[in-house]
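Undergrad: I have a structure here, written as structure tokens, and I will follow up with some questions on it.
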Amino acid sequence: MAGKIVIVEDESSIRGFIRINFQRNGYTVFEAETGEEGIEIVRQEHPDIVILDIMLPGMDGFEVCRILREEFPLLGIIMLTARNLDMDRIMGLEFGADDYVVKPFNPMELVLRVEALARRMGKTFDRDGDRVLKSGPFTLDTYSQKFYKGEEEIDVTPKEYLILKLFMENPYKAFSRDEILDEVWGYDYVGDTKIIDVNIRRLRRKIEDYPSSPKFIETIWGVGYRWKGSNS
Ligand code: CA
């Protein structure tokens with residue numbers, strides 16, 4: 001069973017971006033533009049977890065957090081902060097938040113944080129069925145975050161893990177470098193898409209039978225990459 005979440009964030013682009021990622025993972029998602037609206041929705045919908053931005057018009061995230069915590073002791077609260085300041089973090093936790101994520105963040109990382117919080121709360125949001133992804137000789141366990149070729153475990157970095165997860169969830173889909181960048185590095189990552197090529201090259205050395213003539217991760221010239229998952 002995936003969970004029910006409420007996103008409280010006044011910036012509609014960020015809100016939409018978070019919503020899409022949670023919906024894709026089977027969550028029921030409610031959105032609020034202001035703290036006041038967020039509190040109302042929580043009262044009506046009784047979600048498992050609230051994702052709460054600190055910088056909101058009117059009542060700010062800290063105040064919303066304090067009110068929600070008082071009224072709903074068992075509600076999971078994850079704060080979003082744009083400022084990477086320890087003071088903000090500490091204050092967020094003092095106001096009763098369970099966790100916080102600093103913007104910009106990777107959408108999958110936020111999903112994983114929600115799952116981790118759910119586990120701490122004694123709930124299981126693991127997506128039944130797709131917890132273990134299989135493709136050709138490869139297995140990706142999204143619970144332990146381990147990756148195997150046949151029986152052999154292959155060490156992958158967190159970014160490589162996210163690339164593999166994206167690929168294995170979408171076999172044969174042609175991904176542009178920009179799409180991979182958005183999904184793995186986050187929507188407002190500023191940098192060269194060459195970082196994708198560097199990561200793909202390293203992944204190929206780890207997973208391909210012959211890295212110089214790759215069969216599993218195919219290059220699509222002028223576009224990006226495609227996961228084939230089999231060596232035929
Ligand atoms: Ca905001």
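In the structure tokens, the first chain shown is A, the next is B, and so on; residue numbers restart at 1 for each chain, and ligands run from 1 in the order shown.
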What's the 8 Å shell around A:Met59, counting only C-alpha atoms, without same-chain residues fewer than 2 positions away, as a list in words?

TA: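 Near A:Met59, the qualifying residues are Thr34, Gly35, Glu36, Leu56, Pro57, Gly61, Glu63 and Val64 of chain A.
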
Undergrad: Once you count only C-alpha atoms and all ligand atoms, which residues end up within 6 Å of ligand 1, and could you hand them over as a ChimeraX atom specification?

TA: /A:9-11,53,55-56

Undergrad: Residues of stretch 138-196 of chain A within 10 Å of stretch 106-113 of chain A: nearest atom pair and distance (Å, one decimal) for each, counting only C-alpha atoms, sorted by chain and number, as a tab-separated table?

TA:
residue	atom	partner	partner_atom	distance
A:Thr142	CA	A:Leu112	CA	9.6
A:Tyr143	CA	A:Leu112	CA	9.5
A:Pro158	CA	A:Glu109	CA	9.9
A:Leu162	CA	A:Met108	CA	7.9
A:Lys165	CA	A:Met108	CA	9.9
A:Leu166	CA	A:Met108	CA	9.8
A:Leu181	CA	A:Asn106	CA	10.0
A:Asp182	CA	A:Asn106	CA	8.3
A:Glu183	CA	A:Pro107	CA	7.1
A:Val184	CA	A:Asn106	CA	6.5
A:Trp185	CA	A:Asn106	CA	5.9
A:Gly186	CA	A:Asn106	CA	4.3
A:Tyr187	CA	A:Asn106	CA	7.3
A:Asp188	CA	A:Asn106	CA	9.2
A:Tyr189	CA	A:Asn106	CA	9.1

Undergrad: Convert the current residue selection to file output with C-alpha atoms, as a PDB file, in the first residue's frame.

TA:
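Full text of selection-v7.pdb as output:
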ATOM      1  CA  THR A 142      14.969  -1.065  -4.446  1.00  0.00           C
ATOM      2  CA  TYR A 143      14.587  -1.972  -0.785  1.00  0.00           C
ATOM      3  CA  PRO A 158      23.982   6.561  -5.474  1.00  0.00           C
ATOM      4  CA  LEU A 162      19.252   6.106  -9.638  1.00  0.00           C
ATOM      5  CA  LYS A 165      16.466   2.385 -11.465  1.00  0.00           C
ATOM      6  CA  LEU A 166      15.253   4.864 -14.092  1.00  0.00           C
ATOM      7  CA  LEU A 181      19.640  14.900 -15.638  1.00  0.00           C
ATOM      8  CA  ASP A 182      16.190  15.984 -14.421  1.00  0.00           C
ATOM      9  CA  GLU A 183      15.330  12.576 -13.009  1.00  0.00           C
ATOM     10  CA  VAL A 184      18.634  11.758 -11.359  1.00  0.00           C
ATOM     11  CA  TRP A 185      20.297  15.074 -10.546  1.00  0.00           C
ATOM     12  CA  GLY A 186      17.173  17.104  -9.880  1.00  0.00           C
ATOM     13  CA  TYR A 187      15.112  19.637 -11.735  1.00  0.00           C
ATOM     14  CA  ASP A 188      17.320  22.618 -11.131  1.00  0.00           C
ATOM     15  CA  TYR A 189      20.735  21.039 -11.408  1.00  0.00           C
TER      16      TYR A 189
END

Undergrad: As number ranges by chain, please: all residues of stretch 137-196 of chain A that backbone DSSP puts in strand (DSSP E or B).

TA: A: 138-141, 146-149, 152-154, 174-176

Undergrad: Name the residues of stretch 34-225 of chain A that come out as helix (DSSP H, G or I) in a backbone DSSP run; write them as number ranges by chain.

TA: A: 35-45, 61-71, 86-94, 107-120, 158-169, 177-185, 194-207

Undergrad: I need the chosen residues saved as an mmCIF file, in the first residue's frame, with C-alpha atoms.

TA:
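After the write, result16.cif holds the following:
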data_model
loop_
_atom_site.group_PDB
_atom_site.id
_atom_site.type_symbol
_atom_site.label_atom_id
_atom_site.label_comp_id
_atom_site.auth_asym_id
_atom_site.auth_seq_id
_atom_site.Cartn_x
_atom_site.Cartn_y
_atom_site.Cartn_z
ATOM 1 C CA GLY A 35 -0.228 26.663 5.340
ATOM 2 C CA GLU A 36 -3.834 27.393 6.233
ATOM 3 C CA GLU A 37 -5.044 25.348 3.277
ATOM 4 C CA GLY A 38 -2.592 22.557 4.172
ATOM 5 C CA ILE A 39 -3.938 22.290 7.710
ATOM 6 C CA GLU A 40 -7.506 22.092 6.372
ATOM 7 C CA ILE A 41 -6.600 19.296 3.966
ATOM 8 C CA VAL A 42 -4.810 17.358 6.709
ATOM 9 C CA ARG A 43 -7.913 17.633 8.891
ATOM 10 C CA GLN A 44 -10.103 16.331 6.076
ATOM 11 C CA GLU A 45 -7.886 13.690 4.512
ATOM 12 C CA GLY A 61 6.118 26.247 7.605
ATOM 13 C CA PHE A 62 7.339 26.329 11.207
ATOM 14 C CA GLU A 63 3.998 27.582 12.472
ATOM 15 C CA VAL A 64 2.104 25.068 10.317
ATOM 16 C CA CYS A 65 4.364 22.321 11.656
ATOM 17 C CA ARG A 66 3.730 23.321 15.264
ATOM 18 C CA ILE A 67 -0.052 23.332 14.760
ATOM 19 C CA LEU A 68 -0.089 20.023 12.901
ATOM 20 C CA ARG A 69 2.156 18.360 15.464
ATOM 21 C CA GLU A 70 -0.110 19.439 18.301
ATOM 22 C CA GLU A 71 -3.228 18.230 16.582
ATOM 23 C CA ASP A 86 21.821 24.473 10.442
ATOM 24 C CA MET A 87 19.653 26.895 12.376
ATOM 25 C CA ASP A 88 16.773 26.255 10.016
ATOM 26 C CA ARG A 89 17.262 22.540 10.276
ATOM 27 C CA ILE A 90 17.377 22.558 14.042
ATOM 28 C CA MET A 91 14.375 24.846 14.276
ATOM 29 C CA GLY A 92 12.470 22.614 11.913
ATOM 30 C CA LEU A 93 13.083 19.664 14.190
ATOM 31 C CA GLU A 94 12.301 21.657 17.344
ATOM 32 C CA PRO A 107 12.673 13.802 -6.503
ATOM 33 C CA MET A 108 13.528 10.126 -5.988
ATOM 34 C CA GLU A 109 15.510 11.029 -2.897
ATOM 35 C CA LEU A 110 12.406 12.694 -1.477
ATOM 36 C CA VAL A 111 10.346 9.564 -2.231
ATOM 37 C CA LEU A 112 12.986 7.429 -0.494
ATOM 38 C CA ARG A 113 12.977 9.799 2.511
ATOM 39 C CA VAL A 114 9.190 9.464 2.761
ATOM 40 C CA GLU A 115 9.516 5.680 2.622
ATOM 41 C CA ALA A 116 12.216 5.731 5.288
ATOM 42 C CA LEU A 117 10.069 7.908 7.540
ATOM 43 C CA ALA A 118 7.084 5.622 6.939
ATOM 44 C CA ARG A 119 9.180 2.640 8.031
ATOM 45 C CA ARG A 120 10.229 4.483 11.194
ATOM 46 C CA PRO A 158 23.982 6.561 -5.474
ATOM 47 C CA LYS A 159 23.769 8.311 -8.868
ATOM 48 C CA GLU A 160 24.471 5.077 -10.743
ATOM 49 C CA TYR A 161 21.769 3.419 -8.664
ATOM 50 C CA LEU A 162 19.252 6.106 -9.638
ATOM 51 C CA ILE A 163 20.229 5.832 -13.318
ATOM 52 C CA LEU A 164 19.804 2.044 -13.224
ATOM 53 C CA LYS A 165 16.466 2.385 -11.465
ATOM 54 C CA LEU A 166 15.253 4.864 -14.092
ATOM 55 C CA PHE A 167 16.435 2.565 -16.879
ATOM 56 C CA MET A 168 15.046 -0.643 -15.437
ATOM 57 C CA GLU A 169 11.666 0.934 -14.737
ATOM 58 C CA ARG A 177 20.524 13.483 -21.474
ATOM 59 C CA ASP A 178 18.290 16.282 -20.161
ATOM 60 C CA GLU A 179 15.650 13.788 -19.030
ATOM 61 C CA ILE A 180 18.244 11.733 -17.188
ATOM 62 C CA LEU A 181 19.640 14.900 -15.638
ATOM 63 C CA ASP A 182 16.190 15.984 -14.421
ATOM 64 C CA GLU A 183 15.330 12.576 -13.009
ATOM 65 C CA VAL A 184 18.634 11.758 -11.359
ATOM 66 C CA TRP A 185 20.297 15.074 -10.546
ATOM 67 C CA LYS A 194 28.562 15.505 -19.921
ATOM 68 C CA ILE A 195 28.226 14.280 -16.356
ATOM 69 C CA ILE A 196 25.731 11.765 -17.764
ATOM 70 C CA ASP A 197 28.281 10.410 -20.221
ATOM 71 C CA VAL A 198 30.868 10.098 -17.459
ATOM 72 C CA ASN A 199 28.441 8.098 -15.317
ATOM 73 C CA ILE A 200 27.293 5.913 -18.214
ATOM 74 C CA ARG A 201 30.883 5.127 -19.156
ATOM 75 C CA ARG A 202 31.619 4.079 -15.584
ATOM 76 C CA LEU A 203 28.422 2.016 -15.400
ATOM 77 C CA ARG A 204 29.283 0.231 -18.618
ATOM 78 C CA ARG A 205 32.658 -0.761 -17.214
ATOM 79 C CA LYS A 206 30.807 -2.279 -14.283
ATOM 80 C CA ILE A 207 27.977 -4.076 -16.060
#

Undergrad: So which one's closest to A:Gly26, A:Gly3, A:Asp48, A:Asp98, A:Thr157? Using only C-alpha atoms, please.

TA: A:Gly3
